[in-house]
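Asks: Sharing query.csv (CSV, C-alpha atoms) below.
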chain,number,residue,atom,x,y,z
A,23,MET,CA,-39.2,-43.4,-104.6
A,24,ASP,CA,-36.3,-43.9,-102.1
A,25,ARG,CA,-34.4,-40.8,-101.2
A,26,GLY,CA,-30.9,-40.6,-102.6
A,27,GLU,CA,-32.0,-42.4,-105.8
A,28,LYS,CA,-32.6,-40.6,-109.1
A,29,GLY,CA,-31.7,-37.3,-107.6
A,30,VAL,CA,-34.1,-37.3,-104.6
A,31,PRO,CA,-32.1,-35.9,-101.7
A,32,HIS,CA,-31.9,-37.2,-98.1
A,33,ILE,CA,-33.3,-35.0,-95.4
A,34,LEU,CA,-31.6,-34.0,-92.2
A,35,LEU,CA,-33.9,-32.2,-89.7
A,36,ALA,CA,-32.5,-30.3,-86.7
A,37,THR,CA,-34.7,-29.0,-83.9
A,38,GLY,CA,-34.1,-26.4,-81.2
A,39,ASP,CA,-33.8,-27.2,-77.5
A,40,LEU,CA,-35.4,-30.2,-75.8
A,41,ALA,CA,-36.5,-30.1,-72.2
A,42,MET,CA,-39.9,-31.8,-71.6
A,43,ASP,CA,-41.4,-31.4,-68.2
A,44,ARG,CA,-44.9,-32.9,-68.2
A,45,ALA,CA,-46.8,-36.0,-67.2
A,46,ASP,CA,-46.9,-37.5,-70.7
A,47,TYR,CA,-43.7,-36.8,-72.6
A,48,ASP,CA,-45.2,-38.1,-75.9
A,49,GLU,CA,-47.7,-35.1,-75.9
A,50,SER,CA,-44.8,-32.8,-76.8
A,51,PHE,CA,-44.5,-34.5,-80.2
A,52,VAL,CA,-48.1,-35.0,-81.2
A,53,ALA,CA,-48.0,-32.3,-83.9
A,54,ALA,CA,-44.5,-32.9,-85.4
A,55,GLY,CA,-43.6,-36.5,-84.7
A,56,ASP,CA,-44.6,-37.8,-88.1
A,57,LEU,CA,-42.4,-35.2,-89.8
A,58,LEU,CA,-39.4,-36.1,-87.6
A,59,ARG,CA,-39.8,-39.8,-88.1
A,60,ALA,CA,-40.0,-39.4,-91.9
A,61,ALA,CA,-36.6,-37.7,-92.1
A,62,ASP,CA,-33.5,-39.6,-92.9
A,63,LEU,CA,-31.7,-38.1,-89.9
A,64,THR,CA,-33.2,-36.1,-87.0
A,65,PHE,CA,-31.0,-34.2,-84.6
A,66,GLY,CA,-31.8,-32.3,-81.4
A,67,GLN,CA,-30.2,-30.5,-78.4
A,68,LEU,CA,-30.9,-31.8,-74.9
A,69,GLU,CA,-31.4,-29.3,-72.1
A,70,THR,CA,-32.4,-31.6,-69.3
A,71,SER,CA,-31.4,-34.9,-67.6
A,72,PHE,CA,-33.3,-38.2,-67.8
A,73,ALA,CA,-32.5,-39.9,-64.5
A,74,ALA,CA,-34.1,-41.5,-61.5
A,75,GLY,CA,-32.0,-39.3,-59.2
A,76,GLY,CA,-29.0,-37.1,-58.8
A,77,THR,CA,-27.2,-34.5,-56.8
A,78,ARG,CA,-27.8,-31.0,-58.0
A,79,LEU,CA,-24.6,-29.2,-58.5
A,80,PRO,CA,-24.3,-25.8,-56.7
A,81,GLN,CA,-23.5,-24.0,-60.0
A,82,ALA,CA,-26.6,-25.3,-61.7
A,83,ARG,CA,-29.2,-22.6,-62.4
A,84,HIS,CA,-32.5,-23.7,-63.8
A,85,ALA,CA,-32.2,-27.4,-63.4
A,86,VAL,CA,-35.0,-29.9,-64.1
A,87,LEU,CA,-34.5,-33.6,-63.4
A,88,ALA,CA,-36.8,-35.4,-66.0
A,89,ARG,CA,-37.9,-38.9,-65.6
A,90,PRO,CA,-35.9,-41.7,-67.3
A,91,GLU,CA,-38.7,-42.5,-69.8
A,92,GLY,CA,-38.1,-39.1,-71.5
A,93,ALA,CA,-35.3,-40.7,-73.5
A,94,ALA,CA,-37.6,-43.3,-75.0
A,95,ALA,CA,-40.1,-40.5,-75.8
A,96,LEU,CA,-37.4,-38.8,-77.9
A,97,GLY,CA,-36.7,-42.1,-79.6
A,98,ARG,CA,-40.4,-42.6,-80.4
A,99,ALA,CA,-40.6,-39.0,-81.7
A,100,GLY,CA,-37.9,-39.9,-84.3
A,101,PHE,CA,-34.7,-38.5,-83.0
A,102,ASP,CA,-31.6,-40.3,-84.2
A,103,VAL,CA,-28.8,-38.1,-82.7
A,104,ILE,CA,-28.9,-35.9,-79.6
A,105,SER,CA,-26.3,-33.4,-78.5
A,106,MET,CA,-25.6,-33.3,-74.8
A,107,ALA,CA,-23.2,-30.4,-75.2
A,108,GLY,CA,-24.9,-27.6,-73.2
A,109,ASN,CA,-25.1,-25.8,-70.0
A,110,HIS,CA,-27.4,-28.4,-68.4
A,111,CYS,CA,-25.4,-31.6,-69.1
A,112,MET,CA,-24.0,-31.9,-65.5
A,113,ASP,CA,-26.8,-30.2,-63.6
A,114,TRP,CA,-27.4,-33.4,-61.5
A,115,GLY,CA,-23.9,-34.7,-61.3
A,116,ALA,CA,-21.9,-37.4,-63.0
A,117,GLU,CA,-24.3,-40.3,-62.1
A,118,ALA,CA,-27.3,-38.6,-63.7
A,119,PHE,CA,-25.1,-37.6,-66.7
A,120,PHE,CA,-24.2,-41.2,-67.4
A,121,GLU,CA,-27.7,-42.4,-66.7
A,122,THR,CA,-29.1,-39.9,-69.2
A,123,ARG,CA,-26.6,-41.0,-71.9
A,124,ASP,CA,-27.5,-44.7,-71.2
A,125,HIS,CA,-31.2,-44.1,-71.5
A,126,LEU,CA,-30.7,-42.3,-74.8
A,127,ARG,CA,-28.6,-45.1,-76.2
A,128,ALA,CA,-31.1,-47.7,-75.0
A,129,ALA,CA,-33.7,-45.7,-77.0
A,130,GLY,CA,-31.6,-46.1,-80.2
A,131,ILE,CA,-30.3,-42.6,-80.1
A,132,GLU,CA,-26.6,-41.7,-80.5
A,133,VAL,CA,-25.1,-39.1,-78.3
A,134,VAL,CA,-22.6,-36.4,-79.5
A,135,GLY,CA,-20.8,-33.6,-77.8
A,136,ALA,CA,-20.4,-35.2,-74.3
A,137,GLY,CA,-18.6,-38.1,-72.8
A,138,ALA,CA,-16.6,-39.7,-70.0
A,139,ASN,CA,-13.6,-37.6,-71.0
A,140,ILE,CA,-12.7,-34.9,-73.5
A,141,ALA,CA,-11.6,-37.4,-76.2
A,142,GLU,CA,-15.0,-39.0,-76.1
A,143,ALA,CA,-16.8,-35.7,-76.0
A,144,ARG,CA,-15.0,-34.6,-79.2
A,145,THR,CA,-15.8,-37.8,-81.1
A,146,PRO,CA,-18.2,-37.3,-84.0
A,147,VAL,CA,-21.3,-39.4,-84.7
A,148,ILE,CA,-21.1,-40.6,-88.3
A,149,ARG,CA,-24.1,-41.9,-90.2
A,150,THR,CA,-24.3,-43.3,-93.7
A,151,LEU,CA,-27.3,-42.3,-95.8
A,152,GLY,CA,-29.0,-44.5,-98.3
A,153,ASP,CA,-26.9,-43.3,-101.3
A,154,GLY,CA,-23.7,-43.8,-99.4
A,155,THR,CA,-23.2,-40.2,-98.3
A,156,ARG,CA,-21.5,-40.1,-94.9
A,157,VAL,CA,-22.6,-37.4,-92.5
A,158,ALA,CA,-20.6,-36.5,-89.4
A,159,LEU,CA,-22.1,-34.5,-86.5
A,160,LEU,CA,-20.1,-32.7,-83.9
A,161,ALA,CA,-21.4,-30.6,-80.9
A,162,TYR,CA,-19.8,-28.0,-78.6
A,163,SER,CA,-21.0,-25.6,-75.9
A,164,SER,CA,-19.9,-22.0,-75.2
A,165,ILE,CA,-22.5,-21.7,-72.3
A,166,LEU,CA,-20.7,-23.4,-69.5
A,167,PRO,CA,-21.1,-23.4,-65.7
A,168,GLN,CA,-17.8,-24.2,-64.0
A,169,ALA,CA,-16.6,-27.8,-64.5
A,170,TYR,CA,-19.3,-28.7,-67.0
A,171,TRP,CA,-16.8,-29.3,-69.7
A,172,ALA,CA,-15.0,-32.6,-70.0
A,173,ASP,CA,-11.2,-33.0,-69.5
A,174,GLU,CA,-8.8,-35.9,-69.6
A,175,ARG,CA,-10.3,-37.4,-66.4
A,176,ARG,CA,-13.7,-35.8,-65.9
A,177,PRO,CA,-17.0,-36.3,-67.7
A,178,GLY,CA,-18.8,-33.4,-69.4
A,179,CYS,CA,-19.3,-31.8,-72.8
A,180,ALA,CA,-17.0,-30.5,-75.5
A,181,PRO,CA,-16.2,-26.9,-74.8
A,182,MET,CA,-16.0,-23.9,-77.1
A,183,ARG,CA,-15.4,-21.4,-74.4
A,184,ALA,CA,-15.2,-17.6,-75.0
A,185,HIS,CA,-13.8,-14.7,-73.1
A,186,THR,CA,-15.5,-11.3,-72.4
A,187,VAL,CA,-13.8,-7.9,-72.0
A,188,TYR,CA,-15.7,-4.8,-71.0
A,189,GLU,CA,-14.3,-1.5,-72.4
A,190,GLN,CA,-15.2,1.7,-70.7
A,191,ILE,CA,-16.2,4.1,-73.5
A,192,GLU,CA,-16.5,7.4,-71.7
A,193,HIS,CA,-13.6,7.5,-69.2
A,194,ASP,CA,-14.9,10.7,-67.6
A,195,GLN,CA,-18.4,9.4,-67.1
A,196,PRO,CA,-18.5,6.8,-64.3
A,197,GLY,CA,-21.3,4.2,-64.5
A,198,THR,CA,-22.0,4.6,-68.2
A,199,PRO,CA,-22.5,1.4,-70.2
A,200,ALA,CA,-19.4,-0.4,-71.4
A,201,ARG,CA,-18.6,-1.7,-74.9
A,202,ILE,CA,-18.6,-5.6,-74.8
A,203,HIS,CA,-16.0,-7.6,-76.7
A,204,THR,CA,-15.9,-11.4,-76.8
A,205,PHE,CA,-13.4,-13.7,-78.4
A,206,PRO,CA,-12.9,-17.5,-78.6
A,207,HIS,CA,-10.8,-19.5,-76.2
A,208,ARG,CA,-7.7,-20.2,-78.3
A,209,GLU,CA,-7.2,-23.8,-77.4
A,210,ASP,CA,-10.9,-24.7,-77.7
A,211,LEU,CA,-11.0,-23.1,-81.1
A,212,ALA,CA,-8.0,-25.0,-82.3
A,213,ALA,CA,-9.4,-28.3,-81.0
A,214,MET,CA,-12.7,-27.7,-82.7
A,215,GLU,CA,-11.0,-26.9,-86.0
A,216,ALA,CA,-8.9,-30.2,-85.7
A,217,ASP,CA,-12.1,-32.2,-84.9
A,218,ILE,CA,-13.8,-30.8,-88.0
A,219,ARG,CA,-10.8,-31.5,-90.2
A,220,ALA,CA,-10.6,-35.1,-88.9
A,221,ALA,CA,-14.4,-35.5,-89.4
A,222,LYS,CA,-14.2,-34.2,-92.9
A,223,ALA,CA,-11.5,-36.8,-93.7
A,224,GLN,CA,-14.0,-39.5,-92.7
A,225,ALA,CA,-17.3,-38.1,-94.0
A,226,ASP,CA,-18.6,-36.2,-96.9
A,227,VAL,CA,-20.7,-33.7,-95.0
A,228,VAL,CA,-19.9,-32.3,-91.6
A,229,VAL,CA,-22.6,-30.6,-89.5
A,230,VAL,CA,-21.6,-28.8,-86.3
A,231,SER,CA,-23.9,-27.9,-83.4
A,232,GLN,CA,-23.0,-24.9,-81.3
A,233,HIS,CA,-24.7,-24.2,-78.0
A,234,TRP,CA,-23.8,-20.5,-77.8
A,235,GLY,CA,-25.0,-16.9,-78.0
A,236,ILE,CA,-26.8,-14.3,-76.0
A,237,HIS,CA,-30.1,-15.6,-74.6
A,238,PHE,CA,-33.3,-13.7,-74.8
A,239,VAL,CA,-31.8,-10.5,-76.4
A,240,ARG,CA,-33.3,-9.7,-79.7
A,241,ALA,CA,-31.1,-10.1,-82.8
A,242,ALA,CA,-27.7,-9.7,-81.0
A,243,ILE,CA,-24.9,-12.0,-82.1
A,244,ALA,CA,-21.8,-12.0,-80.0
A,245,ASP,CA,-18.4,-11.4,-81.7
A,246,TYR,CA,-17.1,-14.8,-80.7
A,247,GLN,CA,-19.9,-16.5,-82.5
A,248,ARG,CA,-18.9,-14.9,-85.8
A,249,ASP,CA,-15.3,-15.9,-85.2
A,250,VAL,CA,-16.2,-19.5,-84.3
A,251,ALA,CA,-18.5,-19.8,-87.3
A,252,ARG,CA,-15.9,-18.6,-89.8
A,253,ALA,CA,-13.3,-20.9,-88.3
A,254,ALA,CA,-15.6,-23.9,-88.4
A,255,ILE,CA,-16.6,-23.3,-92.1
A,256,ALA,CA,-12.9,-22.7,-93.0
A,257,ALA,CA,-12.0,-26.1,-91.3
A,258,GLY,CA,-14.6,-27.9,-93.4
A,259,ALA,CA,-18.0,-27.6,-91.7
A,260,ASP,CA,-20.9,-27.7,-94.2
A,261,ALA,CA,-23.6,-26.3,-91.8
A,262,ILE,CA,-23.8,-24.9,-88.3
A,263,LEU,CA,-26.8,-25.4,-86.0
A,264,GLY,CA,-27.1,-22.9,-83.1
A,265,GLY,CA,-28.9,-23.4,-79.9
A,266,HIS,CA,-29.4,-21.9,-76.4
A,267,ALA,CA,-30.8,-18.4,-77.0
A,268,HIS,CA,-34.4,-19.5,-76.6
A,269,ILE,CA,-35.5,-17.1,-79.3
A,270,LEU,CA,-34.8,-17.1,-83.0
A,271,LYS,CA,-31.7,-15.3,-84.3
A,272,GLY,CA,-30.7,-14.5,-87.8
A,273,CYS,CA,-28.9,-16.8,-90.2
A,274,GLU,CA,-25.8,-16.1,-92.4
A,275,VAL,CA,-24.1,-17.9,-95.3
A,276,ILE,CA,-20.3,-18.2,-95.2
A,277,ASP,CA,-18.7,-19.5,-98.3
A,278,GLY,CA,-22.0,-20.9,-99.4
A,279,LYS,CA,-22.5,-22.7,-96.0
A,280,PRO,CA,-25.5,-22.0,-93.8
A,281,VAL,CA,-25.1,-20.8,-90.2
A,282,PHE,CA,-28.3,-21.0,-88.1
A,283,HIS,CA,-27.4,-18.9,-85.1
A,284,SER,CA,-30.4,-20.0,-83.1
A,285,LEU,CA,-33.1,-22.6,-83.7
A,286,CYS,CA,-35.0,-21.4,-80.6
A,287,ASN,CA,-36.9,-24.0,-78.7
A,288,PHE,CA,-38.7,-27.2,-79.7
A,289,ALA,CA,-40.1,-29.4,-77.0
A,290,THR,CA,-39.3,-27.2,-74.0
A,291,ASP,CA,-41.7,-27.0,-71.1
A,292,LEU,CA,-41.3,-24.2,-68.5
A,293,LYS,CA,-43.7,-23.9,-65.7
A,294,MET,CA,-44.0,-20.8,-63.6
A,295,ASP,CA,-45.4,-20.1,-60.1
A,296,GLU,CA,-45.8,-16.9,-58.2
A,297,ALA,CA,-42.6,-17.4,-56.2
A,298,HIS,CA,-40.6,-17.9,-59.4
A,299,ALA,CA,-42.2,-14.8,-61.0
A,300,LYS,CA,-41.2,-12.7,-57.9
A,301,SER,CA,-37.6,-14.1,-57.7
A,302,LYS,CA,-34.7,-11.9,-58.2
A,303,SER,CA,-33.0,-14.3,-60.6
A,304,TRP,CA,-35.9,-14.4,-63.1
A,305,ASN,CA,-36.6,-10.6,-62.9
A,306,GLU,CA,-32.9,-10.0,-63.7
A,307,ILE,CA,-33.1,-11.9,-66.9
A,308,ARG,CA,-36.6,-11.1,-68.0
A,309,VAL,CA,-35.5,-7.5,-68.8
A,310,LEU,CA,-33.3,-8.9,-71.6
A,311,ALA,CA,-36.4,-9.8,-73.6
A,312,GLU,CA,-38.7,-7.3,-75.3
A,313,GLU,CA,-41.9,-8.9,-73.8
A,314,TRP,CA,-41.9,-11.5,-71.1
A,315,GLU,CA,-44.8,-12.0,-68.7
A,316,PRO,CA,-45.5,-15.0,-66.5
A,317,ASP,CA,-48.4,-17.4,-67.5
A,318,PHE,CA,-49.2,-19.4,-64.4
A,319,GLU,CA,-51.6,-21.7,-66.3
A,320,GLY,CA,-49.4,-22.3,-69.3
A,321,LEU,CA,-46.5,-24.6,-69.9
A,322,TYR,CA,-44.4,-22.2,-72.0
A,323,ASN,CA,-43.1,-19.4,-69.9
A,324,PHE,CA,-40.7,-17.9,-72.4
A,325,PRO,CA,-40.6,-14.5,-74.0
A,326,THR,CA,-43.3,-13.7,-76.5
A,327,ALA,CA,-40.8,-13.9,-79.3
A,328,ALA,CA,-40.1,-17.6,-78.4
A,329,ARG,CA,-43.5,-18.6,-79.7
A,330,LEU,CA,-41.8,-18.3,-83.2
A,331,SER,CA,-39.4,-21.1,-83.8
A,332,MET,CA,-38.1,-23.4,-86.6
A,333,ILE,CA,-36.8,-26.8,-87.6
A,334,ALA,CA,-33.6,-26.6,-89.8
A,335,ARG,CA,-33.9,-28.7,-92.9
A,336,LEU,CA,-30.8,-29.8,-94.9
A,337,GLU,CA,-31.0,-31.6,-98.2
A,338,ILE,CA,-28.0,-33.9,-98.7
A,339,GLY,CA,-27.1,-36.1,-101.6
A,340,GLY,CA,-24.3,-37.2,-103.8
A,341,GLY,CA,-21.8,-36.6,-101.0
A,342,LYS,CA,-22.7,-32.9,-100.4
A,343,LEU,CA,-25.1,-30.4,-98.9
A,344,LEU,CA,-27.5,-29.5,-101.7
A,345,ARG,CA,-29.9,-27.0,-100.1
A,346,ALA,CA,-30.6,-25.5,-96.7
A,347,GLY,CA,-33.6,-23.9,-95.1
A,348,PHE,CA,-36.1,-24.2,-92.3
A,349,LEU,CA,-39.7,-25.1,-91.5
A,350,PRO,CA,-41.4,-22.3,-89.5
A,351,LEU,CA,-42.9,-23.4,-86.2
A,352,TYR,CA,-45.4,-21.8,-83.7
A,353,ILE,CA,-45.4,-22.8,-80.0
A,354,GLY,CA,-48.4,-22.0,-78.0
A,355,ARG,CA,-49.2,-22.0,-74.3
A,356,ASP,CA,-49.3,-25.9,-74.3
A,357,ALA,CA,-45.6,-25.8,-75.3
A,358,VAL,CA,-46.3,-28.2,-78.3
A,359,PRO,CA,-44.3,-27.2,-81.4
A,360,ARG,CA,-46.5,-27.1,-84.6
A,361,VAL,CA,-45.2,-26.6,-88.1
A,362,VAL,CA,-47.2,-23.8,-89.7
A,363,ASP,CA,-48.4,-23.6,-93.3
A,364,PRO,CA,-47.5,-21.0,-95.9
A,365,GLY,CA,-50.2,-18.4,-96.0
A,366,SER,CA,-51.0,-18.6,-92.3
A,367,ALA,CA,-50.5,-15.6,-90.0
A,368,GLU,CA,-47.9,-17.6,-87.9
A,369,TYR,CA,-45.9,-18.5,-91.0
A,370,ALA,CA,-45.7,-14.8,-92.0
A,371,GLN,CA,-44.7,-13.9,-88.4
A,372,VAL,CA,-41.8,-16.2,-88.4
A,373,LEU,CA,-40.6,-15.0,-91.8
A,374,GLU,CA,-41.0,-11.3,-90.9
A,375,TYR,CA,-39.2,-11.9,-87.6
A,376,MET,CA,-36.3,-13.7,-89.2
A,377,THR,CA,-35.9,-11.1,-91.9
A,378,ALA,CA,-35.9,-8.3,-89.3
A,379,VAL,CA,-33.4,-9.8,-86.8
A,380,THR,CA,-31.1,-10.9,-89.6
A,381,GLY,CA,-31.0,-7.3,-90.9
A,382,GLU,CA,-30.5,-5.9,-87.4
A,383,ALA,CA,-27.6,-8.2,-86.8
A,384,GLY,CA,-26.0,-7.3,-90.1
A,385,LEU,CA,-26.1,-10.9,-91.3
A,386,ASN,CA,-26.3,-11.7,-95.0
A,387,ALA,CA,-29.0,-14.4,-95.3
A,388,ARG,CA,-32.1,-14.1,-97.4
A,389,TYR,CA,-35.2,-16.2,-96.9
A,390,VAL,CA,-37.0,-17.5,-100.0
A,391,PRO,CA,-40.3,-19.4,-99.4
A,392,GLN,CA,-40.5,-22.6,-101.3
A,393,ALA,CA,-43.0,-25.4,-101.4
A,394,ASP,CA,-40.9,-27.6,-99.1
A,395,MET,CA,-39.3,-25.1,-96.8
A,396,VAL,CA,-38.1,-21.5,-96.5
A,397,GLU,CA,-34.7,-21.7,-98.3
A,398,VAL,CA,-31.7,-19.9,-96.8
A,399,THR,CA,-29.5,-18.2,-99.4
A,400,ALA,CA,-26.9,-15.4,-99.5
Starting from the file, lay out its structure as structure tokens.
Replies:
Amino acid sequence: MDRGEKGVPHILLATGDLAMDRADYDESFVAAGDLLRAADLTFGQLETSFAAGGTRLPQARHAVLARPEGAAALGRAGFDVISMAGNHCMDWGAEAFFETRDHLRAAGIEVVGAGANIAEARTPVIRTLGDGTRVALLAYSSILPQAYWADERRPGCAPMRAHTVYEQIEHDQPGTPARIHTFPHREDLAAMEADIRAAKAQADVVVVSQHWGIHFVRAAIADYQRDVARAAIAAGADAILGGHAHILKGCEVIDGKPVFHSLCNFATDLKMDEAHAKSKSWNEIRVLAEEWEPDFEGLYNFPTAARLSMIARLEIGGGKLLRAGFLPLYIGRDAVPRVVDPGSAEYAQVLEYMTAVTGEAGLNARYVPQADMVEVTA
């Protein structure tokens, strides 16, 4: 039976971050490729560059230049749309940025959230499903090294910047921790809202990817994320897909629409040597995570919590979003994401973790295991 006929919905799958760094890129998808290819629409967030060369920008932090054939591997894995809206889009300069985009397009993948200028970066990808439902995808990044966002004459990604204010709580106690407030950049917020309204005028369902949040810190959701999520839903977004944090964060439901604050990682390789493990930069961020130790023989040097991940699953039909949920994943030392079965210890771990961090963040989502996914409800 074809999806979209006789009440059978179309499936949109969305993965966490993609940054393969190995000899055979296809290995990253050996366990989940069949699932991705079977979906009607598969979306992912790119965290690397696929280029033969480039000039590393001085503001780039962890920057990996992946080989050009990585784009074709994503195409073979089943990805249809890739967001380049993130804090690595310009790591290797404009030439590598455009080469990456060209390789993705050559692999049959549409790119969203980045372009030669701000107008291009803000243009949605619109796909028509088999029943005629039109789905628009937009992508933005709040995690932005200087000059990584596009403007009228500069390539880059679509920005959703945020400001941070530190409030001293005890004025008579020098050195005590401050209260942290964040709020959205007013012009970026207005632009995003306008983009969503325009996309909604052209499509039935609007899905918005946000590269945002506080990386590695358990449960915490920044204030600006809540503001941006509410504004996006009010403007017409039907679902929000969060990336960047490299660990799972809780979900919420706003006016019946799902917000996935972090999908964690998907095909993301991270090697570690002793010099890196001793570096000041890594040791300054490793304290953000509950448990994070180097593994010199493994390919997945992320916090222990990052072994738990998910694929967001949206059911779409008849011009609307019907159901939303996720497929629990487990990522081992080989950095290969594997969907885990109900009844397994790993499935229970993902469900328990999501329930815990959702409660800790004060979010309202509930997780209901079903035969086809863990459904996200209010």
Asks: Which residues are close to region 36-49 of chain A, i.e. within 6 Å by only C-alpha atoms, leaving aside same-chain residues fewer than 4 positions away? Reply as a ChimeraX atom specification.
Replies: /A:64-70,95,285-291,333-334
Asks: Taking 6 positions as the minimum chain separation for residues in the same chain, which residues sit within 12 Å of Asp394 (chain A) when counting only C-alpha atoms? Answer as a PDB file with C-alpha atoms, in the coordinates of the input.
Replies:
ATOM      1  CA  ILE A  33     -33.300 -35.000 -95.400  1.00  0.00           C
ATOM      2  CA  ALA A 334     -33.600 -26.600 -89.800  1.00  0.00           C
ATOM      3  CA  ARG A 335     -33.900 -28.700 -92.900  1.00  0.00           C
ATOM      4  CA  LEU A 336     -30.800 -29.800 -94.900  1.00  0.00           C
ATOM      5  CA  GLU A 337     -31.000 -31.600 -98.200  1.00  0.00           C
ATOM      6  CA  ARG A 345     -29.900 -27.000-100.100  1.00  0.00           C
ATOM      7  CA  ALA A 346     -30.600 -25.500 -96.700  1.00  0.00           C
ATOM      8  CA  GLY A 347     -33.600 -23.900 -95.100  1.00  0.00           C
ATOM      9  CA  PHE A 348     -36.100 -24.200 -92.300  1.00  0.00           C
ATOM     10  CA  LEU A 349     -39.700 -25.100 -91.500  1.00  0.00           C
ATOM     11  CA  PRO A 350     -41.400 -22.300 -89.500  1.00  0.00           C
ATOM     12  CA  VAL A 361     -45.200 -26.600 -88.100  1.00  0.00           C
ATOM     13  CA  VAL A 362     -47.200 -23.800 -89.700  1.00  0.00           C
ATOM     14  CA  ASP A 363     -48.400 -23.600 -93.300  1.00  0.00           C
ATOM     15  CA  PRO A 364     -47.500 -21.000 -95.900  1.00  0.00           C
TER      16      PRO A 364
END
Asks: Just give me the gap between CA of Lys342 (chain A) and CA of Ile104 (chain A) in Å, one decimal is fine.
Replies: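 Taking CA of Lys342 (chain A) and CA of Ile104 (chain A), their separation equals 21.9 Å.
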Asks: Quick check, in Å to one decimal: how far apart do CA of Pro90 (chain A) and CA of Ala73 (chain A) lie?
Replies: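 We find that CA of Pro90 (chain A) and CA of Ala73 (chain A) lie 4.8 Å from each other.
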Asks: With distances taken over all atoms listed in the file, which of A:Ala299, A:Val30, A:Val147, A:Ala251 is nearest to Ala221 (chain A)?
Replies: A:Val147
Asks: For Asp277 (chain A), list every protein, DNA or RNA residue within 12 Å, evaluated using all atoms listed in the file, and leave out those in the same chain fewer than 2 positions away; present the list as a list in words.
Replies: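 The residues that qualify are Ala251, Arg252, Ala253, Ala254, Ile255, Ala256, Ala257, Gly258, Ala259, Asp260, Ala261, Glu274, Val275, Lys279, Pro280, Val281, Asn386, Ala387, Thr399 and Ala400 of chain A.
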Asks: What's the separation between CA of Leu310 (chain A) and CA of Val379 (chain A), in Å to one decimal place?
Replies: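 Separation between CA of Leu310 (chain A) and CA of Val379 (chain A): 15.2 Å.
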